[in-house]
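Trainee: What follows is a single structure, and I will ask about it in a moment.
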Amino acid sequence: MATTGIQGHEAAALLERTREAVDPELRRTVEQLPGPLRRIAQYHFGWVHADGSAAAGRAGKAIRPALVLAAAEALGGRAEGALRPAAAVELVHNFTLLHDDIIDEDSRRRGRPTAWTVFGLPDALLAGDAMLAHALRGLARDPDPAAARASARLAACVVELCAGQQADCAFEERADVDLDECLTMALAKTGALLGCSCALGALYAGAGEEEVEAMDAFGREAGLAFQLIDDLIGIWGDPEHTGKPAGADLAARKKSLPVVAALTSGTPAGADLARLYAGPMTGADVRLAAEAVERAGGRDWAQAHAADRMGRAVQQLSRAVPDLGAAGGLLALAEFVTRRTR
């Protein structure tokens, strides 16, 4: 779903400016990786084909680096001064994507084969590890006074991301996952990095601890809204836009938020979904599962809860930036993540 209205256009322009500003720093960092790992990272970002020849792909939407730059500007800093942390969070995000594709055994990302299916599981795994190390090294070497705190904060965030991913995997083996622990998992797996992105922007703007924590809380709440919408896309997204098969999350029997809301609804449709989730699913079963999630109220709950979390996000943002007029970029990005369909 593309955003509409003034904020939608503002978000699109901000994301485009972010890509143009951060891409050179990102490419310089990836270029420092050892040869074989460098090619895997470049392929993952869409910059080269499997044989190393140049490609015209784009390295994702750049939401996280855009949050870094927008947060810095909202608190009186300069976006140009926060390019290193912006590149660092994008490297960390893509480290998680490389690993997620392996863990989930996904065969497609951004419309083409995933890196591990092209280069093999060990090399793709190691390329992700190397990207993470370079993200942290890049911040540690930054002469900016905020760099040390930013590096420590990003490292702590990575630990939280790993804990969230581990919980997500563990849920697949359990039949008794409740909504509260699923929300906690999503806050760690997705909200943590969006919160950290906003906090890093605040640090590089020279903000105080209270403003930094409020920015982190804003990003976390927006990140949970983002995950709710992402889960809906994982069930009902258009494969031409998502680059993945329709209902891929259902076929993998993932305990996404709309699914857990449906499974714990106490409705006949929730019981139908539980029976489908008890074993491997055919294409017909995936369609039945999507219908069951909707009939059990999972889709409506996820949409309503995403809106509620965005309301909380704006409240947190107002703690850091009382005049929300100065935070137009952050608000536009928040609108973008909760109104997209791909």
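We name chains A, B, ... following the order of the structure tokens; residues begin at 1 in each chain, and ligands are numbered from 1 as shown.
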Can you tell me, as a short mmCIF file (atom, residue, chain, number, x, y, z; two decimals) with all heavy atoms, in the first residue's frame, what residues are no more than 9 Å from Glu80 of chain A when counting only C-alpha atoms, ignoring any on the same chain fewer than 2 positions away?

Mentor:
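Heads up, here's the output in around_38.cif:
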data_model
loop_
_atom_site.label_atom_id
_atom_site.label_comp_id
_atom_site.auth_asym_id
_atom_site.auth_seq_id
_atom_site.Cartn_x
_atom_site.Cartn_y
_atom_site.Cartn_z
N ALA A 21 21.73 10.09 0.23
CA ALA A 21 22.73 10.55 1.18
C ALA A 21 23.51 9.40 1.81
O ALA A 21 24.73 9.50 2.01
CB ALA A 21 22.06 11.38 2.28
N LEU A 69 18.19 10.14 10.45
CA LEU A 69 18.38 11.51 9.94
C LEU A 69 17.24 12.42 10.37
O LEU A 69 17.47 13.57 10.76
CB LEU A 69 18.51 11.48 8.42
CG LEU A 69 19.63 10.60 7.84
CD1 LEU A 69 19.74 10.81 6.33
CD2 LEU A 69 20.96 10.88 8.52
N GLY A 77 19.72 18.91 15.06
CA GLY A 77 20.98 18.49 14.49
C GLY A 77 20.98 18.57 12.97
O GLY A 77 19.99 18.97 12.36
N ARG A 78 22.10 18.17 12.38
CA ARG A 78 22.22 18.17 10.93
C ARG A 78 22.21 16.73 10.42
O ARG A 78 22.95 15.87 10.94
CB ARG A 78 23.52 18.85 10.49
CG ARG A 78 23.60 20.33 10.81
CD ARG A 78 24.98 20.91 10.54
NE ARG A 78 25.41 20.69 9.16
CZ ARG A 78 26.34 19.80 8.80
NH1 ARG A 78 26.92 19.03 9.71
NH2 ARG A 78 26.68 19.68 7.53
N ALA A 82 24.95 12.79 10.67
CA ALA A 82 24.49 11.51 11.21
C ALA A 82 24.49 10.40 10.16
O ALA A 82 23.78 9.41 10.30
CB ALA A 82 23.08 11.67 11.80
N LEU A 83 25.32 10.56 9.12
CA LEU A 83 25.33 9.55 8.06
C LEU A 83 25.93 8.22 8.52
O LEU A 83 25.48 7.16 8.09
CB LEU A 83 26.11 10.09 6.85
CG LEU A 83 25.44 11.26 6.12
CD1 LEU A 83 26.31 11.71 4.95
CD2 LEU A 83 24.04 10.89 5.64
#

Trainee: For segment 287-290 of chain A, please output as a ChimeraX atom specification all residues within 8 Å (counting only C-alpha atoms; exclusion window: fewer than 3 positions along the same chain).

Mentor: /A:235-236,247,250,272-273,276,283-284,293-294

Trainee: Could you give me, as a list in words, the residues within 12 Å of Glu105 of chain A, counting only C-alpha atoms and dropping anything in the same chain fewer than 2 positions from it?

Mentor: Leu97, Leu98, His99, Asp100, Asp101, Ile102, Ile103, Ser107, Arg108, Arg109, Pro113, Thr114, Ala115, Trp116, Thr117, Gly120, Leu121, Lys244, Ala248, Asp249, Ala251 and Ala252 of chain A

Trainee: For the atom pair atom CA of Gly279 of chain A and atom CA of Asp230 of chain A, what is the interatomic distance in Å to one decimal place?

Mentor: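 Value for the atom CA of Gly279 of chain A-atom CA of Asp230 of chain A distance: 24.0 Å.
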
Trainee: What gap, in Å, lies between atom CA of Arg64 of chain A and atom CA of Gly195 of chain A?

Mentor: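 Going from atom CA of Arg64 of chain A over to atom CA of Gly195 of chain A covers 9.2 Å.
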
Trainee: For Ala327 of chain A, find every residue with an atom within 10 Å (counting only C-alpha atoms), except residues of its own chain fewer than 5 positions away, and show them as an mmCIF file with N, CA, C and O atoms, in the first residue's frame.

Mentor:
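Okay, part-v9.cif is ready:
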data_model
loop_
_atom_site.group_PDB
_atom_site.id
_atom_site.type_symbol
_atom_site.label_atom_id
_atom_site.label_comp_id
_atom_site.auth_asym_id
_atom_site.auth_seq_id
_atom_site.Cartn_x
_atom_site.Cartn_y
_atom_site.Cartn_z
ATOM 1 N N ALA A 70 16.004 11.917 10.312
ATOM 2 C CA ALA A 70 14.851 12.735 10.688
ATOM 3 C C ALA A 70 14.871 13.054 12.183
ATOM 4 O O ALA A 70 14.505 14.158 12.598
ATOM 5 N N ALA A 71 15.289 12.097 13.008
ATOM 6 C CA ALA A 71 15.364 12.342 14.447
ATOM 7 C C ALA A 71 16.422 13.390 14.759
ATOM 8 O O ALA A 71 16.215 14.266 15.619
ATOM 9 N N ALA A 72 17.561 13.290 14.078
ATOM 10 C CA ALA A 72 18.612 14.287 14.293
ATOM 11 C C ALA A 72 18.113 15.684 13.949
ATOM 12 O O ALA A 72 18.310 16.640 14.721
ATOM 13 N N GLU A 73 17.437 15.809 12.824
ATOM 14 C CA GLU A 73 16.933 17.121 12.403
ATOM 15 C C GLU A 73 15.836 17.630 13.335
ATOM 16 O O GLU A 73 15.762 18.832 13.622
ATOM 17 N N ALA A 74 14.973 16.736 13.816
ATOM 18 C CA ALA A 74 13.878 17.154 14.697
ATOM 19 C C ALA A 74 14.403 17.757 15.993
ATOM 20 O O ALA A 74 13.739 18.590 16.615
ATOM 21 N N LEU A 75 15.605 17.343 16.404
ATOM 22 C CA LEU A 75 16.185 17.840 17.648
ATOM 23 C C LEU A 75 17.284 18.870 17.410
ATOM 24 O O LEU A 75 18.114 19.121 18.276
ATOM 25 N N LEU A 317 6.788 10.878 21.114
ATOM 26 C CA LEU A 317 7.508 11.867 20.312
ATOM 27 C C LEU A 317 7.331 13.264 20.896
ATOM 28 O O LEU A 317 8.277 14.062 20.920
ATOM 29 N N SER A 318 6.142 13.566 21.375
ATOM 30 C CA SER A 318 5.869 14.902 21.922
ATOM 31 C C SER A 318 6.676 15.173 23.184
ATOM 32 O O SER A 318 6.884 16.329 23.556
ATOM 33 N N ALA A 320 9.854 14.368 23.460
ATOM 34 C CA ALA A 320 11.163 14.792 22.966
ATOM 35 C C ALA A 320 11.077 16.077 22.160
ATOM 36 O O ALA A 320 11.987 16.917 22.206
ATOM 37 N N VAL A 321 9.987 16.224 21.411
ATOM 38 C CA VAL A 321 9.812 17.389 20.529
ATOM 39 C C VAL A 321 8.423 17.975 20.802
ATOM 40 O O VAL A 321 7.451 17.630 20.120
ATOM 41 N N PRO A 322 8.291 18.825 21.819
ATOM 42 C CA PRO A 322 6.967 19.364 22.170
ATOM 43 C C PRO A 322 6.259 20.035 21.003
ATOM 44 O O PRO A 322 5.034 19.944 20.868
ATOM 45 N N ALA A 332 5.824 11.804 9.159
ATOM 46 C CA ALA A 332 5.565 11.304 7.810
ATOM 47 C C ALA A 332 6.018 9.852 7.682
ATOM 48 O O ALA A 332 5.324 9.021 7.075
#

Trainee: Can you tell me, as a count of residues only, which residues in segment 96-301 of chain A count as strand (DSSP E or B) by DSSP?

Mentor: 4

Trainee: Need to verify the contact set: Glu221 of chain A, 8 Å, only C-alpha atoms, exclusion of same-chain residues closer than 5 positions in sequence. Can you return it as a list in words?

Mentor: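 Here the qualifying residues turn out to be Leu187, Gly191, Gly195, Arg309, Met310, Arg312 and Ala313 of chain A.
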
Trainee: Counting only C-alpha atoms, figure out which residue out of A:His134, A:Lys255, A:Arg275, A:Arg110 gets nearest to Gly60 of chain A.

Mentor: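 Closest candidate: A:Arg110.
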
Trainee: Report, in Å to a single decimal, how far apart atom CA of Asp308 of chain A and atom CA of Cys169 of chain A are.

Mentor: 26.4 Å

Trainee: May I have all residues of segment 151-294 of chain A that DSSP, computed from the backbone, assigns to helix (DSSP H, G or I), given as a ChimeraX atom specification?

Mentor: /A:151-171,179-204,209-236,239-242,248-251,257-263,268-277,283-294

Trainee: May I have the selected residues written with C-alpha atoms, as an mmCIF file, in the first residue's frame?

Mentor:
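Contents of the output file again-v2.cif:
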data_model
loop_
_atom_site.group_PDB
_atom_site.id
_atom_site.type_symbol
_atom_site.label_atom_id
_atom_site.label_comp_id
_atom_site.auth_asym_id
_atom_site.auth_seq_id
_atom_site.Cartn_x
_atom_site.Cartn_y
_atom_site.Cartn_z
ATOM 1 C CA SER A 151 27.949 2.124 19.364
ATOM 2 C CA ALA A 152 27.101 0.721 22.802
ATOM 3 C CA ARG A 153 23.420 1.349 22.229
ATOM 4 C CA LEU A 154 23.459 -0.348 18.835
ATOM 5 C CA ALA A 155 25.313 -3.368 20.235
ATOM 6 C CA ALA A 156 22.702 -3.729 23.002
ATOM 7 C CA CYS A 157 19.992 -3.449 20.371
ATOM 8 C CA VAL A 158 21.509 -6.337 18.388
ATOM 9 C CA VAL A 159 21.350 -8.560 21.475
ATOM 10 C CA GLU A 160 17.678 -7.627 21.861
ATOM 11 C CA LEU A 161 17.050 -8.366 18.178
ATOM 12 C CA CYS A 162 18.592 -11.816 18.586
ATOM 13 C CA ALA A 163 16.439 -12.514 21.629
ATOM 14 C CA GLY A 164 13.341 -11.478 19.690
ATOM 15 C CA GLN A 165 14.272 -13.703 16.759
ATOM 16 C CA GLN A 166 14.911 -16.653 19.086
ATOM 17 C CA ALA A 167 11.487 -16.181 20.690
ATOM 18 C CA ASP A 168 9.873 -15.978 17.249
ATOM 19 C CA CYS A 169 11.465 -19.297 16.273
ATOM 20 C CA ALA A 170 10.474 -20.907 19.576
ATOM 21 C CA PHE A 171 6.845 -19.893 19.045
ATOM 22 C CA LEU A 179 -0.760 -12.187 22.605
ATOM 23 C CA ASP A 180 1.242 -10.504 25.349
ATOM 24 C CA GLU A 181 4.370 -12.574 24.748
ATOM 25 C CA CYS A 182 3.902 -12.217 20.994
ATOM 26 C CA LEU A 183 3.776 -8.429 21.365
ATOM 27 C CA THR A 184 6.885 -8.543 23.560
ATOM 28 C CA MET A 185 8.664 -10.579 20.886
ATOM 29 C CA ALA A 186 7.688 -8.120 18.157
ATOM 30 C CA LEU A 187 8.883 -5.156 20.219
ATOM 31 C CA ALA A 188 12.287 -6.830 20.476
ATOM 32 C CA LYS A 189 12.526 -8.184 16.947
ATOM 33 C CA THR A 190 11.272 -5.094 15.096
ATOM 34 C CA GLY A 191 10.639 -2.240 17.528
ATOM 35 C CA ALA A 192 14.116 -2.322 19.051
ATOM 36 C CA LEU A 193 15.971 -1.327 15.873
ATOM 37 C CA LEU A 194 13.494 1.400 14.923
ATOM 38 C CA GLY A 195 13.759 2.749 18.458
ATOM 39 C CA CYS A 196 17.537 2.563 18.343
ATOM 40 C CA SER A 197 17.546 4.385 14.993
ATOM 41 C CA CYS A 198 15.622 7.291 16.494
ATOM 42 C CA ALA A 199 17.802 7.283 19.613
ATOM 43 C CA LEU A 200 20.994 7.389 17.532
ATOM 44 C CA GLY A 201 19.681 10.383 15.628
ATOM 45 C CA ALA A 202 18.933 12.093 18.939
ATOM 46 C CA LEU A 203 22.426 11.308 20.277
ATOM 47 C CA TYR A 204 24.059 12.786 17.184
ATOM 48 C CA GLU A 209 19.058 11.497 28.014
ATOM 49 C CA GLU A 210 15.334 12.197 28.469
ATOM 50 C CA GLU A 211 14.935 13.172 24.819
ATOM 51 C CA VAL A 212 16.986 10.161 23.687
ATOM 52 C CA GLU A 213 14.802 7.767 25.679
ATOM 53 C CA ALA A 214 11.605 9.396 24.402
ATOM 54 C CA MET A 215 12.854 9.029 20.838
ATOM 55 C CA ASP A 216 13.657 5.386 21.482
ATOM 56 C CA ALA A 217 10.145 4.844 22.856
ATOM 57 C CA PHE A 218 8.642 6.584 19.817
ATOM 58 C CA GLY A 219 10.544 4.300 17.463
ATOM 59 C CA ARG A 220 9.602 1.181 19.409
ATOM 60 C CA GLU A 221 5.893 1.975 19.329
ATOM 61 C CA ALA A 222 6.074 2.862 15.645
ATOM 62 C CA GLY A 223 8.079 -0.323 15.109
ATOM 63 C CA LEU A 224 5.350 -2.443 16.649
ATOM 64 C CA ALA A 225 2.810 -0.758 14.372
ATOM 65 C CA PHE A 226 5.193 -1.487 11.484
ATOM 66 C CA GLN A 227 5.354 -5.177 12.476
ATOM 67 C CA LEU A 228 1.581 -5.450 12.691
ATOM 68 C CA ILE A 229 1.234 -4.090 9.164
ATOM 69 C CA ASP A 230 4.111 -6.293 7.980
ATOM 70 C CA ASP A 231 2.315 -9.331 9.402
ATOM 71 C CA LEU A 232 -0.841 -8.380 7.515
ATOM 72 C CA ILE A 233 1.202 -8.041 4.327
ATOM 73 C CA GLY A 234 2.719 -11.458 5.020
ATOM 74 C CA ILE A 235 -0.782 -12.917 4.765
ATOM 75 C CA TRP A 236 -2.578 -10.718 2.235
ATOM 76 C CA PRO A 239 3.416 -11.137 -4.475
ATOM 77 C CA GLU A 240 4.246 -8.723 -7.317
ATOM 78 C CA HIS A 241 4.938 -6.060 -4.714
ATOM 79 C CA THR A 242 6.294 -8.132 -1.812
ATOM 80 C CA ALA A 248 4.131 -17.216 2.801
ATOM 81 C CA ASP A 249 3.892 -16.647 6.563
ATOM 82 C CA LEU A 250 0.857 -18.905 6.795
ATOM 83 C CA ALA A 251 2.481 -21.631 4.717
ATOM 84 C CA LEU A 257 0.416 -11.188 15.517
ATOM 85 C CA PRO A 258 -2.829 -11.494 13.479
ATOM 86 C CA VAL A 259 -2.509 -15.281 13.638
ATOM 87 C CA VAL A 260 -2.028 -15.335 17.417
ATOM 88 C CA ALA A 261 -4.941 -12.915 17.823
ATOM 89 C CA ALA A 262 -7.072 -15.345 15.815
ATOM 90 C CA LEU A 263 -5.779 -18.460 17.594
ATOM 91 C CA PRO A 268 -14.883 -21.347 15.875
ATOM 92 C CA ALA A 269 -12.729 -19.722 13.196
ATOM 93 C CA GLY A 270 -9.809 -19.677 15.640
ATOM 94 C CA ALA A 271 -10.299 -23.397 16.221
ATOM 95 C CA ASP A 272 -10.351 -23.951 12.448
ATOM 96 C CA LEU A 273 -7.053 -22.098 12.165
ATOM 97 C CA ALA A 274 -5.526 -24.172 14.968
ATOM 98 C CA ARG A 275 -6.422 -27.365 13.111
ATOM 99 C CA LEU A 276 -4.829 -26.051 9.923
ATOM 100 C CA TYR A 277 -1.699 -25.023 11.843
ATOM 101 C CA GLY A 283 -2.037 -24.065 -1.227
ATOM 102 C CA ALA A 284 -5.740 -24.596 -0.539
ATOM 103 C CA ASP A 285 -5.035 -24.796 3.191
ATOM 104 C CA VAL A 286 -3.181 -21.485 3.067
ATOM 105 C CA ARG A 287 -6.233 -19.816 1.549
ATOM 106 C CA LEU A 288 -8.478 -21.391 4.203
ATOM 107 C CA ALA A 289 -6.091 -20.227 6.922
ATOM 108 C CA ALA A 290 -6.204 -16.636 5.653
ATOM 109 C CA GLU A 291 -9.988 -16.764 5.676
ATOM 110 C CA ALA A 292 -9.953 -18.189 9.212
ATOM 111 C CA VAL A 293 -7.677 -15.407 10.486
ATOM 112 C CA GLU A 294 -10.073 -12.839 9.071
#
